[in-house]
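Q: My structure file run29.txt, compact mmCIF, C-alpha atoms, is below:
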# COMPACT_ATOMS: atom_id res chain seq x y z
CA MET A 89 82.80 39.84 -6.90
CA ASN A 90 86.15 38.27 -7.86
CA SER A 91 88.76 37.24 -5.30
CA ARG A 92 91.06 40.21 -5.93
CA VAL A 93 88.25 42.74 -5.45
CA PHE A 94 87.04 40.84 -2.39
CA LEU A 95 90.52 40.90 -0.82
CA HIS A 96 90.93 44.61 -1.55
CA ARG A 97 87.55 45.30 0.03
CA LEU A 98 88.45 43.22 3.07
CA ILE A 99 91.62 45.27 3.60
CA LEU A 100 89.67 48.52 3.29
CA ILE A 101 87.11 47.30 5.82
CA PHE A 102 89.89 46.42 8.25
CA CYS A 103 91.34 49.92 7.89
CA LEU A 104 87.92 51.50 8.41
CA ILE A 105 87.31 49.46 11.54
CA LEU A 106 90.66 50.52 12.97
CA GLY A 107 89.82 54.16 12.37
CA GLN A 108 86.16 54.03 13.28
CA GLN A 109 85.43 55.89 16.51
CA ASN A 110 81.71 55.21 16.77
CA SER A 111 81.21 51.55 16.01
CA PHE A 112 77.93 49.77 16.50
CA ALA A 113 79.62 47.29 18.84
CA GLU A 114 80.49 50.14 21.20
CA MET A 115 76.97 51.53 21.03
CA VAL A 116 75.46 48.40 22.57
CA ASP A 117 78.36 47.29 24.76
CA CYS A 118 76.53 45.75 27.70
CA THR A 119 79.75 45.29 29.69
CA GLN A 120 79.80 49.03 30.33
CA ASN A 121 77.74 50.70 33.03
CA ASN A 122 75.58 52.74 30.66
CA ARG A 123 72.60 54.45 32.24
CA ASP A 124 70.78 55.95 29.28
CA PHE A 125 67.45 54.52 28.18
CA PHE A 126 68.68 52.97 24.95
CA HIS A 127 71.52 51.00 26.54
CA LYS A 128 69.42 49.84 29.47
CA THR A 129 66.57 48.70 27.27
CA VAL A 130 68.73 46.78 24.78
CA CYS A 131 70.99 45.19 27.38
CA GLN A 132 68.16 44.13 29.68
CA ASN A 133 66.01 42.63 26.92
CA THR A 134 67.18 39.34 25.42
CA GLU A 135 65.30 39.79 22.15
CA LEU A 136 66.63 43.30 21.52
CA HIS A 137 70.15 42.28 22.49
CA GLN A 138 70.06 39.42 19.98
CA MET A 139 68.65 41.73 17.33
CA SER A 140 71.47 44.22 17.94
CA ARG A 141 74.03 41.47 17.43
CA GLY A 142 72.22 40.42 14.26
CA ILE A 143 72.41 43.96 12.90
CA GLN A 144 76.12 44.12 13.67
CA GLU A 145 76.73 40.87 11.77
CA LYS A 146 74.51 42.00 8.90
CA TYR A 147 76.34 45.32 8.68
CA LEU A 148 79.73 43.60 8.45
CA ASN A 149 78.37 41.24 5.77
CA THR A 150 77.01 44.23 3.85
CA GLN A 151 80.44 45.83 3.89
CA LEU A 152 81.85 42.66 2.33
CA MET A 153 79.12 41.83 -0.16
CA SER A 154 77.60 45.14 -1.28
CA ASN A 155 79.26 47.14 -4.04
CA ALA A 156 78.09 50.38 -2.42
CA PRO A 157 81.00 52.64 -1.33
CA LEU A 158 82.47 51.52 1.99
CA LEU A 159 82.74 55.03 3.39
CA LEU A 160 79.09 55.65 2.56
CA LEU A 161 78.07 52.46 4.39
CA GLN A 162 80.03 53.59 7.43
CA VAL A 163 78.58 57.11 7.45
CA ALA A 164 75.05 55.79 6.91
CA GLN A 165 75.45 53.29 9.76
CA GLN A 166 76.65 55.99 12.13
CA GLY A 167 73.75 58.21 11.11
CA TRP A 168 71.31 55.39 11.81
CA GLU A 169 72.94 54.72 15.20
CA ASN A 170 72.42 58.34 16.22
CA TYR A 171 68.83 58.10 15.01
CA VAL A 172 67.88 54.93 16.90
CA ARG A 173 69.43 56.26 20.12
CA GLN A 174 66.62 58.83 20.20
CA CYS A 175 64.02 56.11 20.84
CA THR A 176 62.08 56.49 24.07
CA SER A 177 60.26 53.15 24.04
CA LYS A 178 61.03 49.47 23.56
CA HIS A 179 58.60 49.35 20.64
CA CYS A 180 60.49 52.16 18.91
CA ILE A 181 63.83 50.38 19.27
CA LYS A 182 62.45 47.07 18.01
CA THR A 183 60.77 48.74 15.03
CA GLN A 184 63.98 50.52 14.01
CA PHE A 185 66.03 47.35 14.44
CA GLU A 186 63.66 45.48 12.13
CA GLN A 187 63.74 48.25 9.53
CA ARG A 188 67.53 48.45 9.64
CA MET A 189 67.82 44.72 8.96
CA ASP A 190 65.61 45.20 5.89
CA GLU A 191 67.71 48.17 4.73
CA LEU A 192 70.97 46.22 5.04
CA THR A 193 69.47 43.25 3.21
CA PHE A 194 68.43 45.58 0.39
CA LEU A 195 71.90 47.14 0.19
CA THR A 196 73.46 43.70 -0.09
CA SER A 197 71.15 42.53 -2.87
CA MET A 198 70.97 45.70 -4.98
CA ASN A 199 73.48 46.34 -7.77
CA GLN A 200 75.02 49.73 -6.97
CA SER A 201 77.35 49.89 -9.97
CA LEU A 202 75.29 52.55 -11.80
CA THR A 203 74.34 54.48 -8.67
CA GLN A 204 75.94 57.61 -7.25
CA HIS A 205 75.52 58.27 -3.53
CA TYR A 206 75.52 61.67 -1.83
CA MET A 207 75.35 62.86 1.79
CA ARG A 208 74.09 66.31 2.75
CA PHE A 209 76.64 68.67 4.24
CA LYS A 210 76.20 71.71 6.48
CA ASN A 211 79.05 73.99 7.54
CA ALA A 212 81.60 71.71 5.84
CA LYS A 213 80.45 68.69 7.89
CA ILE A 214 77.98 65.87 7.34
CA ASP A 215 74.57 67.12 8.40
CA ARG A 216 73.65 65.87 11.87
CA GLN A 217 70.20 65.10 10.49
CA THR A 218 71.35 62.30 8.22
CA THR A 219 70.10 62.94 4.69
CA HIS A 220 71.13 60.64 1.86
CA LEU A 221 70.56 61.15 -1.86
CA GLN A 222 71.21 58.66 -4.65
CA LEU A 223 71.06 58.94 -8.42
CA GLN A 224 70.67 55.68 -10.33
CA GLN A 225 71.04 55.40 -14.10
CA LEU A 226 68.28 52.98 -15.11
CA ASP A 227 69.06 53.22 -18.82
CA LYS A 228 70.34 55.86 -21.23
CA ASN A 229 67.06 57.79 -21.01
CA ARG A 230 65.97 57.33 -17.38
CA ILE A 231 67.44 58.35 -14.03
CA LYS A 232 65.89 57.49 -10.68
CA ILE A 233 66.52 59.91 -7.81
CA GLU A 234 65.84 58.81 -4.24
CA GLY A 235 66.32 60.66 -0.98
CA LEU A 236 66.11 59.47 2.62
CA GLN A 237 66.20 61.57 5.77
CA TYR A 238 66.17 60.26 9.35
CA ARG A 239 63.88 62.46 11.44
CA ASN A 240 62.52 61.24 14.79
CA PRO A 241 61.99 57.50 15.49
CA ASN A 242 59.33 58.28 18.11
CA HIS A 243 56.97 59.93 15.62
CA GLN A 244 54.19 58.27 13.68
CA ASP A 245 55.28 55.96 10.85
CA ARG A 246 55.16 58.50 8.04
CA ASN A 247 57.05 61.12 10.07
CA ARG A 248 59.91 58.93 11.28
CA ILE A 249 61.76 58.95 7.97
CA ALA A 250 61.26 61.33 5.06
CA TYR A 251 61.54 60.01 1.51
CA LEU A 252 61.99 61.57 -1.90
CA ARG A 253 61.51 59.68 -5.16
CA ALA A 254 61.60 61.07 -8.67
CA TYR A 255 62.29 59.92 -12.22
CA THR A 256 63.87 62.08 -14.87
CA SER A 257 66.07 62.01 -17.95
CA PRO A 258 69.60 63.36 -18.52
CA GLN A 259 68.07 66.24 -20.48
CA ASP A 260 65.56 67.20 -17.76
CA ILE A 261 67.61 66.52 -14.63
CA ASN A 262 67.79 70.20 -13.67
CA GLU A 263 64.22 70.05 -12.34
CA ILE A 264 62.66 67.07 -10.58
CA THR A 265 59.28 66.39 -8.97
CA ASP A 266 58.83 64.17 -5.93
CA LEU A 267 56.21 61.58 -6.87
CA GLU A 268 54.51 61.55 -3.47
CA SER A 269 54.59 65.16 -2.26
CA LYS A 270 54.61 66.69 -5.77
CA CYS A 271 57.33 69.04 -4.52
CA ILE A 272 59.44 70.53 -7.30
CA TYR A 273 63.19 70.84 -6.78
CA GLN A 274 65.83 72.62 -8.81
CA LEU A 275 68.85 70.33 -9.13
CA LYS A 276 72.35 71.62 -9.82
CA ARG A 277 75.02 69.02 -10.38
CA SER A 278 78.81 69.29 -10.47
CA ALA A 279 81.56 66.69 -10.52
CA LEU A 280 81.44 66.14 -6.74
CA THR A 281 78.23 67.75 -5.48
CA VAL A 282 74.50 67.99 -6.02
CA GLN A 283 72.43 70.93 -4.82
CA LEU A 284 68.67 70.68 -4.30
CA GLN A 285 66.48 73.73 -3.82
CA SER A 286 62.73 74.25 -3.73
CA LYS A 287 60.92 77.58 -3.91
CA ASN A 288 58.02 76.15 -1.92
CA LYS A 289 58.63 76.65 1.82
CA HIS A 290 56.74 73.40 2.53
CA CYS A 291 59.10 71.46 0.26
CA GLN A 292 62.49 72.41 1.64
CA ARG A 293 63.15 69.30 3.72
CA PHE A 294 65.68 68.02 1.19
CA ASP A 295 67.18 71.40 0.31
CA GLY A 296 70.93 71.64 0.60
CA ILE A 297 74.29 70.67 -0.82
CA TYR A 298 75.16 66.98 -1.09
CA ARG A 299 78.66 65.60 -1.47
CA LEU A 300 79.45 62.57 -3.61
CA TYR A 301 80.41 59.45 -1.62
CA ASP A 302 81.51 57.09 -4.42
Have the structure of the file written as structure tokens, please.
A:
Amino acid sequence: MNSRVFLHRLILIFCLILGQQNSFAEMVDCTQNNRDFFHKTVCQNTELHQMSRGIQEKYLNTQLMSNAPLLLLQVAQQGWENYVRQCTSKHCIKTQFEQRMDELTFLTSMNQSLTQHYMRFKNAKIDRQTTHLQLQQLDKNRIKIEGLQYRNPNHQDRNRIAYLRAYTSPQDINEITDLESKCIYQLKRSALTVQLQSKNKHCQRFDGIYRLYD
């Protein structure tokens, strides 16, 4: 990342921080008299409090170093914050903190230049159940499609977060198959949106309209 791009990104981050209403720093502000389980647990536990600070620092570094869209990083962070607040145990919070650190590390290291990112919308707003879709051009003949949906952090491992992963080609992109579930989705793509739809009622977790966040 050259100095001009870095400076431009720094200015954008500053503007986002000024306009951000739901920052991670506010979520774990231990100077406030918060009585909910999440705040109490994090603020009263030294390890979790240090981990929360580490995530905040990692998130800010990711905004600087990753070439993923800044607005996408912000929306994804807010979605994760809402997700981890649902935890009802110390173990749940610690597990989600550890996973988030890994996710941010991955975002920093991965080249996003050939990747398009989408967030699912409902009723003209970002879906409250955060669902993220990305299309990555691997080469001229291969496209990787990945989906991630935050569900409930208190569930068993495989039910906490839902994943979708498929490979296709530009010619066959209108129909994709999830490698794990074998669910088949019809994919309709426009300049700014992607729509996924499955005829199988057991495969409709990722159904919906996604808006481009590049």
Q: Calculate how many Å separate CA of Asp215 (chain A) from CA of Trp168 (chain A), rounding to one decimal.
A: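 Going from CA of Asp215 (chain A) over to CA of Trp168 (chain A), I get 12.6 Å.
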Q: Could you name the residues that touch region 242-249 of chain A at 8 Å or less, counting all atoms listed in the file, but leaving out those on the same chain fewer than 2 positions away, as a ChimeraX atom specification?
A: /A:174-177,180,236-240,251
Q: Between A:Thr150, A:Lys178, A:Gln224, A:Thr219, which one has atoms that come closest to Leu195 (chain A), using all atoms listed in the file?
A: A:Thr150
Q: Work out how far apart CA of Gln132 (chain A) and CA of Cys118 (chain A) are and give it in Å to one decimal.
A: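 Computing the Euclidean distance for CA of Gln132 (chain A) and CA of Cys118 (chain A) yields 8.8 Å.
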Q: What does the structure give for the distance between CA of His137 (chain A) and CA of Met189 (chain A), in Å to one decimal?
A: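 Separation of CA of His137 (chain A) and CA of Met189 (chain A): 13.9 Å.
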Q: May I have the residues within 12 Å of Phe126 (chain A) as a ChimeraX atom specification, using all atoms listed in the file and disregarding those fewer than 2 positions away in the same chain?
A: /A:115-118,122-124,128-133,136-137,140,169-182
Q: Each side padded by 4 Å, which centre and which edge lengths in Å (one decimal) define the axis-aligned box around the listed atoms of region 147-161 of chain A? Give them as AutoDock Vina command-line options.
A:
--center_x 79.5 --center_y 48.4 --center_z 2.3 --size_x 14.4 --size_y 22.4 --size_z 20.7
Q: Using all atoms listed in the file, which protein or nucleic acid residues come within 12 Å of region 199-201 of chain A? Drop anything in the same chain fewer than 6 positions from it, and give the result as a list in words.
A: Met89, Met153, Ser154, Asn155, Ala156, Pro157, Leu158, Leu160, Gln222, Leu223, Gln224, Gln225, Leu226 and Asp302 of chain A
Q: Considering all atoms listed in the file, state which residue in the set A:His127, A:His220, A:His290, A:Lys146 is at the smallest distance from Tyr206 (chain A).
A: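 The closest residue to Tyr206 (chain A) is A:His220.
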Q: Which polymer residues, whether protein, DNA or RNA, lie within 10 Å of the coordinate (70.2, 69.7, 1.2) when you count all atoms listed in the file? List them as a PDB file with C-alpha atoms, in the coordinates of the input, using the chain letters and numbers from the file.
A:
ATOM      1  CA  MET A 207      75.350  62.860   1.790  1.00  0.00           C
ATOM      2  CA  ARG A 208      74.090  66.310   2.750  1.00  0.00           C
ATOM      3  CA  PHE A 209      76.640  68.670   4.240  1.00  0.00           C
ATOM      4  CA  LYS A 210      76.200  71.710   6.480  1.00  0.00           C
ATOM      5  CA  ASP A 215      74.570  67.120   8.400  1.00  0.00           C
ATOM      6  CA  THR A 219      70.100  62.940   4.690  1.00  0.00           C
ATOM      7  CA  HIS A 220      71.130  60.640   1.860  1.00  0.00           C
ATOM      8  CA  LEU A 221      70.560  61.150  -1.860  1.00  0.00           C
ATOM      9  CA  VAL A 282      74.500  67.990  -6.020  1.00  0.00           C
ATOM     10  CA  GLN A 283      72.430  70.930  -4.820  1.00  0.00           C
ATOM     11  CA  LEU A 284      68.670  70.680  -4.300  1.00  0.00           C
ATOM     12  CA  GLN A 285      66.480  73.730  -3.820  1.00  0.00           C
ATOM     13  CA  GLN A 292      62.490  72.410   1.640  1.00  0.00           C
ATOM     14  CA  ARG A 293      63.150  69.300   3.720  1.00  0.00           C
ATOM     15  CA  PHE A 294      65.680  68.020   1.190  1.00  0.00           C
ATOM     16  CA  ASP A 295      67.180  71.400   0.310  1.00  0.00           C
ATOM     17  CA  GLY A 296      70.930  71.640   0.600  1.00  0.00           C
ATOM     18  CA  ILE A 297      74.290  70.670  -0.820  1.00  0.00           C
ATOM     19  CA  TYR A 298      75.160  66.980  -1.090  1.00  0.00           C
ATOM     20  CA  ARG A 299      78.660  65.600  -1.470  1.00  0.00           C
TER      21      ARG A 299
END
Q: With only C-alpha atoms as the basis for distance, which of A:Leu252, A:Ala164, A:Leu280, A:Ile264 is at the shortest distance from Glu191 (chain A)?
A: A:Ala164
Q: Anything within 12 Å of (78.3, 66.0, -13.5): list those residues as an MDAnalysis selection string, counting all atoms listed in the file and sticking to the file's coordinates.
A: chainID A and resid 204 223 258 261:262 275:283 300
Q: Which residue is closest to Ser257 (chain A)? Choose from A:Thr203, A:Asn229, A:Thr119, A:Thr218 and count all atoms listed in the file.
A: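 The answer is A:Asn229, which sits nearest to Ser257 (chain A).
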Q: Write out as a list in words which residues come within 8 Å of Ser286 (chain A) when counting all atoms listed in the file, dropping same-chain ones fewer than 2 positions away.
A: Cys271, Ile272, Tyr273, Gln274, Leu284, Asn288, Lys289, Cys291, Gln292 and Asp295 of chain A
